[in-house]
>>> print(open('coords_8.cif').read())   # mmCIF, C-alpha atoms
data_final
loop_
_atom_site.group_PDB
_atom_site.id
_atom_site.type_symbol
_atom_site.label_atom_id
_atom_site.label_comp_id
_atom_site.auth_asym_id
_atom_site.auth_seq_id
_atom_site.Cartn_x
_atom_site.Cartn_y
_atom_site.Cartn_z
ATOM 1 C CA MET A 1 -9.479 -38.092 -5.551
ATOM 2 C CA HIS A 2 -7.678 -36.708 -8.550
ATOM 3 C CA TYR A 3 -6.310 -38.566 -11.523
ATOM 4 C CA ASN A 4 -4.521 -37.750 -14.726
ATOM 5 C CA ARG A 5 -6.475 -37.105 -17.871
ATOM 6 C CA SER A 6 -5.140 -37.352 -21.397
ATOM 7 C CA PHE A 7 -6.774 -35.447 -24.229
ATOM 8 C CA HIS A 8 -6.487 -36.097 -27.953
ATOM 9 C CA CYS A 9 -6.913 -32.619 -29.378
ATOM 10 C CA PHE A 10 -7.621 -31.650 -32.983
ATOM 11 C CA HIS A 11 -7.412 -28.059 -34.151
ATOM 12 C CA GLY A 12 -8.423 -26.763 -37.561
ATOM 13 C CA THR A 13 -6.099 -24.121 -38.976
ATOM 14 C CA THR A 14 -4.014 -23.228 -42.048
ATOM 15 C CA THR A 15 -0.539 -24.393 -43.019
ATOM 16 C CA ASN A 16 0.850 -20.868 -42.517
ATOM 17 C CA ARG A 17 -0.448 -20.712 -38.982
ATOM 18 C CA PHE A 18 0.832 -24.201 -38.271
ATOM 19 C CA GLU A 19 4.356 -23.049 -39.075
ATOM 20 C CA ASP A 20 4.038 -20.350 -36.396
ATOM 21 C CA ILE A 21 2.597 -22.833 -33.879
ATOM 22 C CA TYR A 22 5.412 -25.274 -34.602
ATOM 23 C CA GLU A 23 8.176 -22.687 -34.324
ATOM 24 C CA ASP A 24 6.811 -20.776 -31.341
ATOM 25 C CA ARG A 25 5.463 -23.882 -29.555
ATOM 26 C CA LYS A 26 2.308 -22.072 -28.645
ATOM 27 C CA PHE A 27 -1.108 -21.316 -30.068
ATOM 28 C CA VAL A 28 -2.125 -17.684 -30.460
ATOM 29 C CA TYR A 29 -5.768 -16.658 -30.203
ATOM 30 C CA ASN A 30 -7.666 -13.402 -30.303
ATOM 31 C CA GLN A 31 -9.288 -12.221 -27.085
ATOM 32 C CA ARG A 32 -12.983 -12.168 -27.858
ATOM 33 C CA LYS A 33 -16.199 -11.351 -26.080
ATOM 34 C CA ASN A 34 -18.115 -14.374 -27.277
ATOM 35 C CA HIS A 35 -15.954 -17.435 -26.757
ATOM 36 C CA TRP A 36 -18.286 -20.178 -25.589
ATOM 37 C CA LEU A 37 -16.170 -21.491 -22.739
ATOM 38 C CA GLY A 38 -14.220 -18.309 -22.159
ATOM 39 C CA ASN A 39 -11.023 -17.034 -23.723
ATOM 40 C CA GLY A 40 -8.561 -19.719 -24.707
ATOM 41 C CA ILE A 41 -7.502 -21.928 -27.567
ATOM 42 C CA TYR A 42 -10.179 -24.351 -28.748
ATOM 43 C CA PHE A 43 -9.822 -27.973 -29.813
ATOM 44 C CA PHE A 44 -12.179 -30.731 -30.858
ATOM 45 C CA LEU A 45 -11.606 -33.756 -28.660
ATOM 46 C CA ASP A 46 -11.234 -37.047 -30.563
ATOM 47 C CA ASP A 47 -13.008 -35.559 -33.583
ATOM 48 C CA ARG A 48 -10.730 -35.019 -36.555
ATOM 49 C CA GLU A 49 -13.643 -34.419 -38.918
ATOM 50 C CA LYS A 50 -14.887 -31.430 -36.925
ATOM 51 C CA ALA A 51 -11.392 -29.914 -37.067
ATOM 52 C CA GLU A 52 -11.287 -30.567 -40.793
ATOM 53 C CA TRP A 53 -14.582 -28.727 -41.242
ATOM 54 C CA TRP A 54 -13.238 -25.751 -39.299
ATOM 55 C CA ALA A 55 -9.906 -25.784 -41.190
ATOM 56 C CA LYS A 56 -11.775 -25.654 -44.502
ATOM 57 C CA THR A 57 -13.991 -22.857 -43.218
ATOM 58 C CA ILE A 58 -11.160 -20.570 -42.169
ATOM 59 C CA SER A 59 -8.956 -21.425 -45.133
ATOM 60 C CA ARG A 60 -11.725 -20.346 -47.524
ATOM 61 C CA ARG A 61 -11.971 -17.095 -45.605
ATOM 62 C CA GLU A 62 -8.207 -16.534 -45.663
ATOM 63 C CA LYS A 63 -7.553 -18.112 -49.086
ATOM 64 C CA ALA A 64 -4.988 -20.397 -47.466
ATOM 65 C CA VAL A 65 -4.244 -24.109 -47.341
ATOM 66 C CA PRO A 66 -6.251 -25.908 -44.636
ATOM 67 C CA CYS A 67 -4.592 -28.261 -42.212
ATOM 68 C CA ILE A 68 -5.392 -30.147 -39.049
ATOM 69 C CA VAL A 69 -3.160 -30.029 -36.022
ATOM 70 C CA TYR A 70 -3.080 -32.888 -33.560
ATOM 71 C CA ILE A 71 -1.666 -32.401 -30.093
ATOM 72 C CA ASN A 72 -1.852 -34.375 -26.903
ATOM 73 C CA GLY A 73 -2.924 -32.717 -23.677
ATOM 74 C CA ASN A 74 -2.376 -33.937 -20.149
ATOM 75 C CA ALA A 75 -3.849 -32.510 -16.989
ATOM 76 C CA ALA A 76 -4.925 -33.513 -13.511
ATOM 77 C CA SER A 77 -8.683 -34.044 -13.312
ATOM 78 C CA ASN A 78 -9.110 -31.123 -10.932
ATOM 79 C CA GLU A 79 -7.410 -28.801 -13.409
ATOM 80 C CA VAL A 80 -10.139 -29.292 -16.000
ATOM 81 C CA LEU A 81 -13.718 -28.071 -15.713
ATOM 82 C CA ASP A 82 -15.612 -30.838 -17.476
ATOM 83 C CA LEU A 83 -19.144 -29.630 -18.117
ATOM 84 C CA ASN A 84 -20.099 -33.064 -19.423
ATOM 85 C CA THR A 85 -19.981 -34.365 -15.857
ATOM 86 C CA GLU A 86 -22.261 -33.819 -12.884
ATOM 87 C CA SER A 87 -19.433 -32.485 -10.787
ATOM 88 C CA GLY A 88 -18.391 -29.951 -13.440
ATOM 89 C CA GLN A 89 -21.958 -28.818 -13.976
ATOM 90 C CA GLY A 90 -22.418 -28.473 -10.228
ATOM 91 C CA ILE A 91 -19.349 -26.245 -9.992
ATOM 92 C CA LEU A 92 -20.614 -23.917 -12.721
ATOM 93 C CA GLN A 93 -24.046 -23.746 -11.152
ATOM 94 C CA GLY A 94 -22.496 -23.094 -7.752
ATOM 95 C CA PHE A 95 -20.376 -20.302 -9.183
ATOM 96 C CA ILE A 96 -23.330 -18.516 -10.754
ATOM 97 C CA GLU A 97 -25.342 -18.920 -7.542
ATOM 98 C CA PHE A 98 -22.412 -17.522 -5.598
ATOM 99 C CA LEU A 99 -22.232 -14.445 -7.848
ATOM 100 C CA LYS A 100 -25.974 -13.957 -7.416
ATOM 101 C CA ALA A 101 -25.814 -14.379 -3.650
ATOM 102 C CA GLN A 102 -22.994 -11.858 -3.415
ATOM 103 C CA LYS A 103 -25.073 -9.526 -5.633
ATOM 104 C CA VAL A 104 -22.103 -9.086 -7.922
ATOM 105 C CA ALA A 105 -22.390 -6.434 -10.611
ATOM 106 C CA ILE A 106 -19.784 -6.602 -13.377
ATOM 107 C CA LYS A 107 -19.255 -3.307 -15.162
ATOM 108 C CA VAL A 108 -17.786 -2.864 -18.624
ATOM 109 C CA PRO A 109 -17.845 0.064 -21.050
ATOM 110 C CA GLU A 110 -20.777 0.117 -23.465
ATOM 111 C CA THR A 111 -19.547 -0.712 -26.974
ATOM 112 C CA ASN A 112 -22.770 -0.828 -28.974
ATOM 113 C CA LEU A 113 -23.264 -4.551 -28.598
ATOM 114 C CA SER A 114 -26.596 -6.099 -29.480
ATOM 115 C CA LYS A 115 -28.565 -7.836 -26.708
ATOM 116 C CA ASP A 116 -27.420 -11.184 -28.037
ATOM 117 C CA GLU A 117 -23.784 -10.072 -28.089
ATOM 118 C CA GLN A 118 -24.126 -8.724 -24.550
ATOM 119 C CA GLU A 119 -25.414 -12.101 -23.356
ATOM 120 C CA HIS A 120 -22.492 -13.881 -25.013
ATOM 121 C CA TYR A 121 -20.088 -11.418 -23.420
ATOM 122 C CA PHE A 122 -21.633 -12.014 -19.992
ATOM 123 C CA ARG A 123 -21.266 -15.767 -20.353
ATOM 124 C CA CYS A 124 -17.697 -15.465 -21.639
ATOM 125 C CA ILE A 125 -16.720 -13.285 -18.665
ATOM 126 C CA VAL A 126 -18.328 -15.652 -16.161
ATOM 127 C CA MET A 127 -16.351 -18.535 -17.671
ATOM 128 C CA ASP A 128 -13.141 -16.467 -17.579
ATOM 129 C CA LEU A 129 -13.721 -15.517 -13.931
ATOM 130 C CA LEU A 130 -14.473 -19.105 -12.943
ATOM 131 C CA ALA A 131 -11.363 -20.397 -14.713
ATOM 132 C CA ILE A 132 -9.108 -17.910 -12.957
ATOM 133 C CA GLU A 133 -10.758 -18.273 -9.534
ATOM 134 C CA LYS A 134 -10.487 -22.073 -9.544
ATOM 135 C CA GLY A 135 -7.168 -22.208 -11.394
ATOM 136 C CA TYR A 136 -8.551 -24.289 -14.242
ATOM 137 C CA LYS A 137 -6.212 -24.954 -17.122
ATOM 138 C CA ALA A 138 -8.992 -26.041 -19.476
ATOM 139 C CA SER A 139 -12.706 -26.700 -19.739
ATOM 140 C CA CYS A 140 -14.758 -28.859 -22.067
ATOM 141 C CA TYR A 141 -18.317 -29.417 -23.188
ATOM 142 C CA LEU A 142 -20.122 -31.324 -25.920
ATOM 143 C CA PHE A 143 -22.187 -28.662 -27.655
ATOM 144 C CA PRO A 144 -25.412 -29.399 -29.507
ATOM 145 C CA ASN A 145 -25.734 -28.378 -33.153
ATOM 146 C CA SER A 146 -28.917 -26.533 -33.983
ATOM 147 C CA SER A 147 -27.854 -25.604 -37.509
ATOM 148 C CA LYS A 148 -27.054 -29.066 -38.801
ATOM 149 C CA PRO A 149 -28.762 -31.739 -36.713
ATOM 150 C CA TYR A 150 -29.539 -33.907 -39.740
ATOM 151 C CA MET A 151 -26.016 -34.761 -40.858
ATOM 152 C CA PHE A 152 -26.766 -38.438 -40.433
ATOM 153 C CA ASP A 153 -30.371 -38.315 -41.453
ATOM 154 C CA ASP A 154 -31.492 -41.769 -40.421
ATOM 155 C CA LEU A 155 -29.811 -41.604 -37.021
ATOM 156 C CA MET A 156 -32.281 -38.887 -36.044
ATOM 157 C CA SER A 157 -34.944 -41.552 -35.721
ATOM 158 C CA TYR A 158 -32.721 -43.298 -33.170
ATOM 159 C CA GLY A 159 -32.373 -40.079 -31.211
ATOM 160 C CA ILE A 160 -28.733 -39.574 -32.196
ATOM 161 C CA MET A 161 -28.120 -36.010 -33.267
ATOM 162 C CA ASN A 162 -25.143 -34.371 -34.819
ATOM 163 C CA ASN A 163 -23.294 -31.979 -32.503
ATOM 164 C CA LYS A 164 -20.679 -29.250 -32.576
ATOM 165 C CA GLY A 165 -18.102 -31.523 -31.063
ATOM 166 C CA ASN A 166 -16.734 -32.111 -27.611
ATOM 167 C CA GLN A 167 -14.756 -28.890 -27.381
ATOM 168 C CA LEU A 168 -11.797 -28.294 -25.130
ATOM 169 C CA CYS A 169 -10.910 -24.703 -24.307
ATOM 170 C CA VAL A 170 -7.323 -24.484 -23.076
ATOM 171 C CA TYR A 171 -6.580 -21.530 -20.814
ATOM 172 C CA ASP A 172 -3.089 -22.663 -19.841
ATOM 173 C CA GLN A 173 -1.045 -24.154 -22.668
ATOM 174 C CA SER A 174 1.349 -25.865 -20.251
ATOM 175 C CA ILE A 175 -1.023 -28.870 -20.442
ATOM 176 C CA LEU A 176 -0.203 -29.292 -24.149
ATOM 177 C CA ASP A 177 2.642 -31.569 -25.169
ATOM 178 C CA PHE A 178 4.221 -29.779 -28.108
ATOM 179 C CA ASN A 179 6.454 -32.786 -28.769
ATOM 180 C CA SER A 180 3.317 -34.608 -29.897
ATOM 181 C CA LEU A 181 2.405 -31.908 -32.427
ATOM 182 C CA GLU A 182 1.421 -33.300 -35.831
ATOM 183 C CA LYS A 183 0.182 -31.639 -39.003
ATOM 184 C CA SER A 184 -2.156 -33.142 -41.550
ATOM 185 C CA VAL A 185 -2.856 -31.129 -44.695
ATOM 186 C CA VAL A 186 -6.480 -31.291 -45.813
ATOM 187 C CA ARG A 187 -6.869 -32.262 -49.476
ATOM 188 C CA MET B 188 -16.203 -23.164 -2.217
ATOM 189 C CA PHE B 189 -15.581 -19.834 -3.923
ATOM 190 C CA ASP B 190 -13.541 -16.930 -2.685
ATOM 191 C CA ILE B 191 -14.878 -13.474 -3.445
ATOM 192 C CA ASN B 192 -11.418 -11.980 -3.007
ATOM 193 C CA LYS B 193 -10.060 -14.285 -5.695
ATOM 194 C CA ILE B 194 -12.934 -13.278 -7.955
ATOM 195 C CA MET B 195 -12.123 -9.607 -7.350
ATOM 196 C CA LEU B 196 -8.492 -10.286 -8.277
ATOM 197 C CA ALA B 197 -9.576 -12.221 -11.351
ATOM 198 C CA ALA B 198 -11.789 -9.309 -12.387
ATOM 199 C CA GLU B 199 -8.893 -6.905 -11.938
ATOM 200 C CA LYS B 200 -6.716 -9.143 -14.083
ATOM 201 C CA LEU B 201 -9.397 -9.082 -16.796
ATOM 202 C CA GLY B 202 -9.773 -5.316 -16.521
ATOM 203 C CA LEU B 203 -13.310 -5.496 -15.156
ATOM 204 C CA GLN B 204 -14.902 -3.328 -12.530
ATOM 205 C CA ILE B 205 -16.842 -5.312 -9.940
ATOM 206 C CA GLU B 206 -19.307 -4.135 -7.324
ATOM 207 C CA LEU B 207 -20.541 -6.298 -4.441
ATOM 208 C CA ASN B 208 -24.011 -6.082 -2.896
ATOM 209 C CA ALA B 209 -25.118 -4.158 -5.940
ATOM 210 C CA GLU B 210 -28.633 -2.853 -6.231
ATOM 211 C CA ASN B 211 -28.864 -4.439 -9.687
ATOM 212 C CA PRO B 212 -26.664 -7.559 -9.789
ATOM 213 C CA GLY B 213 -25.620 -8.752 -13.235
ATOM 214 C CA MET B 214 -23.577 -7.278 -16.026
ATOM 215 C CA HIS B 215 -23.686 -3.555 -16.732
ATOM 216 C CA PHE B 216 -22.722 -1.941 -20.009
ATOM 217 C CA VAL B 217 -21.855 1.570 -18.924
ATOM 218 C CA ARG B 218 -22.079 4.535 -21.288
ATOM 219 C CA GLU B 219 -19.916 7.652 -21.051
ATOM 220 C CA ASP B 220 -22.712 9.553 -19.309
ATOM 221 C CA ASN B 221 -22.728 6.834 -16.601
ATOM 222 C CA THR B 222 -26.088 5.404 -17.642
ATOM 223 C CA SER B 223 -26.073 1.715 -18.450
ATOM 224 C CA ASP B 224 -27.894 -1.259 -19.863
ATOM 225 C CA TYR B 225 -27.664 -4.341 -17.718
ATOM 226 C CA LEU B 226 -28.312 -8.048 -17.915
ATOM 227 C CA THR B 227 -29.489 -10.041 -14.917
ATOM 228 C CA TYR B 228 -28.355 -13.517 -13.915
ATOM 229 C CA ASP B 229 -31.671 -14.767 -15.272
ATOM 230 C CA ASP B 230 -30.640 -13.384 -18.678
ATOM 231 C CA LEU B 231 -27.372 -15.259 -18.270
ATOM 232 C CA SER B 232 -29.140 -18.526 -17.533
ATOM 233 C CA LYS B 233 -31.256 -18.113 -20.674
ATOM 234 C CA ASN B 234 -28.123 -17.648 -22.739
ATOM 235 C CA PHE B 235 -26.494 -20.735 -21.241
ATOM 236 C CA THR B 236 -29.680 -22.651 -21.971
ATOM 237 C CA LYS B 237 -29.698 -21.505 -25.580
ATOM 238 C CA GLU B 238 -26.111 -22.498 -26.269
ATOM 239 C CA PHE B 239 -25.450 -25.374 -23.925
ATOM 240 C CA PHE B 240 -28.645 -27.312 -23.356
ATOM 241 C CA ALA B 241 -29.068 -29.960 -26.021
ATOM 242 C CA ASP B 242 -32.583 -31.085 -25.075
ATOM 243 C CA GLN B 243 -33.893 -27.546 -25.128
ATOM 244 C CA GLU B 244 -32.410 -27.028 -28.565
ATOM 245 C CA ALA B 245 -33.790 -30.314 -29.768
ATOM 246 C CA ASN B 246 -37.252 -29.259 -28.652
ATOM 247 C CA GLU B 247 -36.920 -26.011 -30.524
ATOM 248 C CA MET B 248 -35.375 -27.596 -33.558
ATOM 249 C CA ASP B 249 -37.675 -30.481 -34.155
ATOM 250 C CA TYR B 250 -41.349 -30.601 -34.340
ATOM 251 C CA HIS B 251 -42.324 -34.114 -35.166
ATOM 252 C CA PHE B 252 -45.792 -35.515 -35.316
ATOM 253 C CA ASN B 253 -47.902 -38.146 -36.941
ATOM 254 C CA TYR B 254 -50.740 -36.427 -38.711
ATOM 255 C CA SER B 255 -52.345 -39.827 -39.003
ATOM 256 C CA SER B 256 -51.031 -43.350 -38.787
ATOM 257 C CA PHE B 257 -50.216 -42.907 -42.472
ATOM 258 C CA LEU B 258 -48.556 -39.492 -42.514
ATOM 259 C CA ASN B 259 -45.382 -38.653 -40.677
ATOM 260 C CA VAL B 260 -43.957 -35.119 -40.606
ATOM 261 C CA THR B 261 -40.755 -33.678 -39.176
ATOM 262 C CA PHE B 262 -40.152 -29.946 -39.254
ATOM 263 C CA GLY B 263 -36.611 -28.787 -38.665
ATOM 264 C CA ASN B 264 -34.959 -25.836 -36.987
ATOM 265 C CA HIS B 265 -36.840 -23.593 -34.608
ATOM 266 C CA PHE B 266 -40.328 -24.367 -35.720
ATOM 267 C CA LEU B 267 -42.927 -22.493 -33.732
ATOM 268 C CA PRO B 268 -46.436 -23.410 -34.800
ATOM 269 C CA ASN B 269 -48.111 -20.074 -34.149
ATOM 270 C CA LYS B 270 -45.561 -17.821 -35.817
ATOM 271 C CA SER B 271 -44.285 -17.194 -39.307
ATOM 272 C CA GLN B 272 -41.070 -19.152 -39.573
ATOM 273 C CA LYS B 273 -38.490 -19.885 -42.151
ATOM 274 C CA LEU B 274 -38.068 -23.615 -41.924
ATOM 275 C CA GLU B 275 -34.674 -25.166 -42.319
ATOM 276 C CA GLN B 276 -36.121 -28.461 -43.385
ATOM 277 C CA ILE B 277 -39.411 -30.236 -43.652
ATOM 278 C CA GLU B 278 -39.579 -33.959 -44.108
ATOM 279 C CA ILE B 279 -42.850 -35.585 -45.029
ATOM 280 C CA THR B 280 -43.302 -39.311 -45.229
ATOM 281 C CA VAL B 281 -46.391 -40.712 -46.898
ATOM 282 C CA GLY B 282 -46.412 -44.464 -46.788
ATOM 283 C CA ASP B 283 -43.098 -45.535 -48.259
ATOM 284 C CA ASN B 284 -42.542 -42.188 -50.012
ATOM 285 C CA ARG B 285 -40.426 -39.552 -48.353
ATOM 286 C CA LYS B 286 -39.997 -35.968 -49.438
ATOM 287 C CA THR B 287 -37.574 -33.483 -47.940
ATOM 288 C CA THR B 288 -37.709 -29.826 -48.843
ATOM 289 C CA LYS B 289 -35.483 -27.103 -47.533
ATOM 290 C CA ASN B 290 -36.041 -23.447 -46.760
ATOM 291 C CA SER B 291 -39.758 -23.612 -47.356
ATOM 292 C CA TYR B 292 -41.580 -20.609 -46.032
ATOM 293 C CA TYR B 293 -45.010 -20.813 -44.557
ATOM 294 C CA ALA B 294 -46.977 -17.670 -43.942
ATOM 295 C CA SER B 295 -48.828 -19.167 -41.009
ATOM 296 C CA PHE B 296 -49.498 -22.334 -39.113
ATOM 297 C CA GLU B 297 -52.789 -22.607 -41.008
ATOM 298 C CA GLY B 298 -50.913 -22.410 -44.307
ATOM 299 C CA MET B 299 -48.657 -25.211 -43.235
ATOM 300 C CA GLU B 300 -51.602 -27.217 -41.997
ATOM 301 C CA ASN B 301 -53.407 -26.817 -45.328
ATOM 302 C CA TYR B 302 -50.295 -27.991 -47.097
ATOM 303 C CA VAL B 303 -50.084 -31.067 -44.912
ATOM 304 C CA ILE B 304 -53.763 -31.817 -45.536
ATOM 305 C CA ALA B 305 -53.156 -31.485 -49.273
ATOM 306 C CA VAL B 306 -50.254 -33.859 -48.989
ATOM 307 C CA ASN B 307 -52.401 -36.302 -47.087
ATOM 308 C CA THR B 308 -55.155 -36.248 -49.655
ATOM 309 C CA ASN B 309 -53.382 -36.152 -53.004
ATOM 310 C CA THR B 310 -49.663 -36.477 -52.179
ATOM 311 C CA ASN B 311 -48.895 -33.351 -54.185
ATOM 312 C CA LEU B 312 -45.637 -32.441 -52.503
ATOM 313 C CA THR B 313 -44.554 -29.508 -54.629
ATOM 314 C CA GLY B 314 -44.674 -25.919 -53.471
ATOM 315 C CA ALA B 315 -45.213 -24.376 -50.082
ATOM 316 C CA ALA B 316 -48.486 -23.012 -48.819
#
>>> encode(input="coords_8.cif", output="structure tokens")
Amino acid sequence: MHYNRSFHCFHGTTTNRFEDIYEDRKFVYNQRKNHWLGNGIYFFLDDREKAEWWAKTISRREKAVPCIVYINGNAASNEVLDLNTESGQGILQGFIEFLKAQKVAIKVPETNLSKDEQEHYFRCIVMDLLAIEKGYKASCYLFPNSSKPYMFDDLMSYGIMNNKGNQLCVYDQSILDFNSLEKSVVR
Amino acid sequence: MFDINKIMLAAEKLGLQIELNAENPGMHFVREDNTSDYLTYDDLSKNFTKEFFADQEANEMDYHFNYSSFLNVTFGNHFLPNKSQKLEQIEITVGDNRKTTKNSYYASFEGMENYVIAVNTNTNLTGAA
């Protein structure tokens, strides 16, 4: 059984970059070796504040004006690997077990990465391979936040911890409705 | 459920070299002289655990205990009791008084323990052991 899913996506960026996104009707990202869910464009689902934090972070770095981009995404449920669900988690586990069972060795040129960077690269490649093999257009996961768990101090005693947001990694931008694109400048 | 041929094609698309039934399964970082470092799938699972598993992180992040029914202590961020650690945050509650310090550095678990004992006896909350 498949059904349609709608995603409310927030992306932190700068006003200059928004102009490019608006004109080109696409997001551009750098291929990296350490993207958490693989290579794609990342959004915070339903969490404007997280996008605002990221917009401020990159705008400080680039000395630019921060802004938040909202866009709506729509996809069939089987086109999204949702690692917040049992079925999504089972698929990822199955994929890794499959690679192990097939005794798959992935070979890349050595580029002086640290052990930690190598591990991130390995995970990023596994996510990329899974996305292509299954034809996923996006994946999502609610990441924990080890660096700032005390944002809402008193909630800790209720077992509610801050997190790094429910993040959606979009591999195929055809799921994004560019007619819904909105910009909000961060003051 | 998965198709190895599709995975091979995906690898080709990503510019990766893949070997099946390898003697050392995992990810190999190959040098020019054909030697390599490699990570196993167990290494991969540890990395997933570190980044993805909230409970595991919570266990590493928070060390919370009641020193007595009167004293309540929460240590933040990767506190390991038998190692020297830079602490992100320590929160000590004595009765109705609460004190939070950040980036305190304790030379040892014993040093921290002495500090907590001092807090418990005279509520002098300044300075790290």
>>> resolve_selection(input="coords_8.cif", expression="the PyMOL selection byres ((chain A) within 6 of (chain B))", output="count of residues only")
14
>>> atom_distance(input="coords_8.cif", atom1="atom CA of Phe27 of chain A", atom2="atom CA of Gln173 of chain A")
7.9 Å
>>> residues_around(input="coords_8.cif", residues="Gly135 of chain A", least_positions_apart="5", cutoff="9 Å", atoms="only C-alpha atoms", output="list of chain:residue names")
A:Glu79, A:Val80, A:Leu130
>>> resolve_selection(input="coords_8.cif", expression="the PyMOL selection byres ((chain A and resi 11) around 12)", output="count of residues only")
45
>>> resolve_selection(input="coords_8.cif", expression="the PyMOL selection byres ((chain A and resi 30) around 9)", output="PyMOL selection string")
chain A and resi 28-29+31-32+39-41
>>> write_last_selection(input="coords_8.cif", atoms="C-alpha atoms", output="PDB file, in the frame of the given file")
ATOM      1  CA  VAL A  28      -2.125 -17.684 -30.460  1.00  0.00           C
ATOM      2  CA  TYR A  29      -5.768 -16.658 -30.203  1.00  0.00           C
ATOM      3  CA  GLN A  31      -9.288 -12.221 -27.085  1.00  0.00           C
ATOM      4  CA  ARG A  32     -12.983 -12.168 -27.858  1.00  0.00           C
ATOM      5  CA  ASN A  39     -11.023 -17.034 -23.723  1.00  0.00           C
ATOM      6  CA  GLY A  40      -8.561 -19.719 -24.707  1.00  0.00           C
ATOM      7  CA  ILE A  41      -7.502 -21.928 -27.567  1.00  0.00           C
TER       8      ILE A  41
END
>>> atom_distance(input="coords_8.cif", atom1="atom CA of Asp172 of chain A", atom2="atom CA of His2 of chain A")
18.6 Å
>>> residues_around(input="coords_8.cif", residues="Trp36 of chain A", least_positions_apart="5", cutoff="8 Å", atoms="all atoms listed in the file", output="PyMOL selection string")
chain A and resi 120+123-124
>>> write_last_selection(input="coords_8.cif", atoms="C-alpha atoms", output="short mmCIF file (atom, residue, chain, number, x, y, z; two decimals), in the frame of the given file")
data_model
loop_
_atom_site.label_atom_id
_atom_site.label_comp_id
_atom_site.auth_asym_id
_atom_site.auth_seq_id
_atom_site.Cartn_x
_atom_site.Cartn_y
_atom_site.Cartn_z
CA HIS A 120 -22.49 -13.88 -25.01
CA ARG A 123 -21.27 -15.77 -20.35
CA CYS A 124 -17.70 -15.46 -21.64
#
>>> residues_around(input="coords_8.cif", residues="Ser6 of chain A", least_positions_apart="6", cutoff="7 Å", atoms="only C-alpha atoms", output="list in words")
Gly73, Asn74 and Ala75 of chain A
>>> atom_distance(input="coords_8.cif", atom1="atom CA of Ile160 of chain A", atom2="atom CA of Thr85 of chain A")
19.3 Å
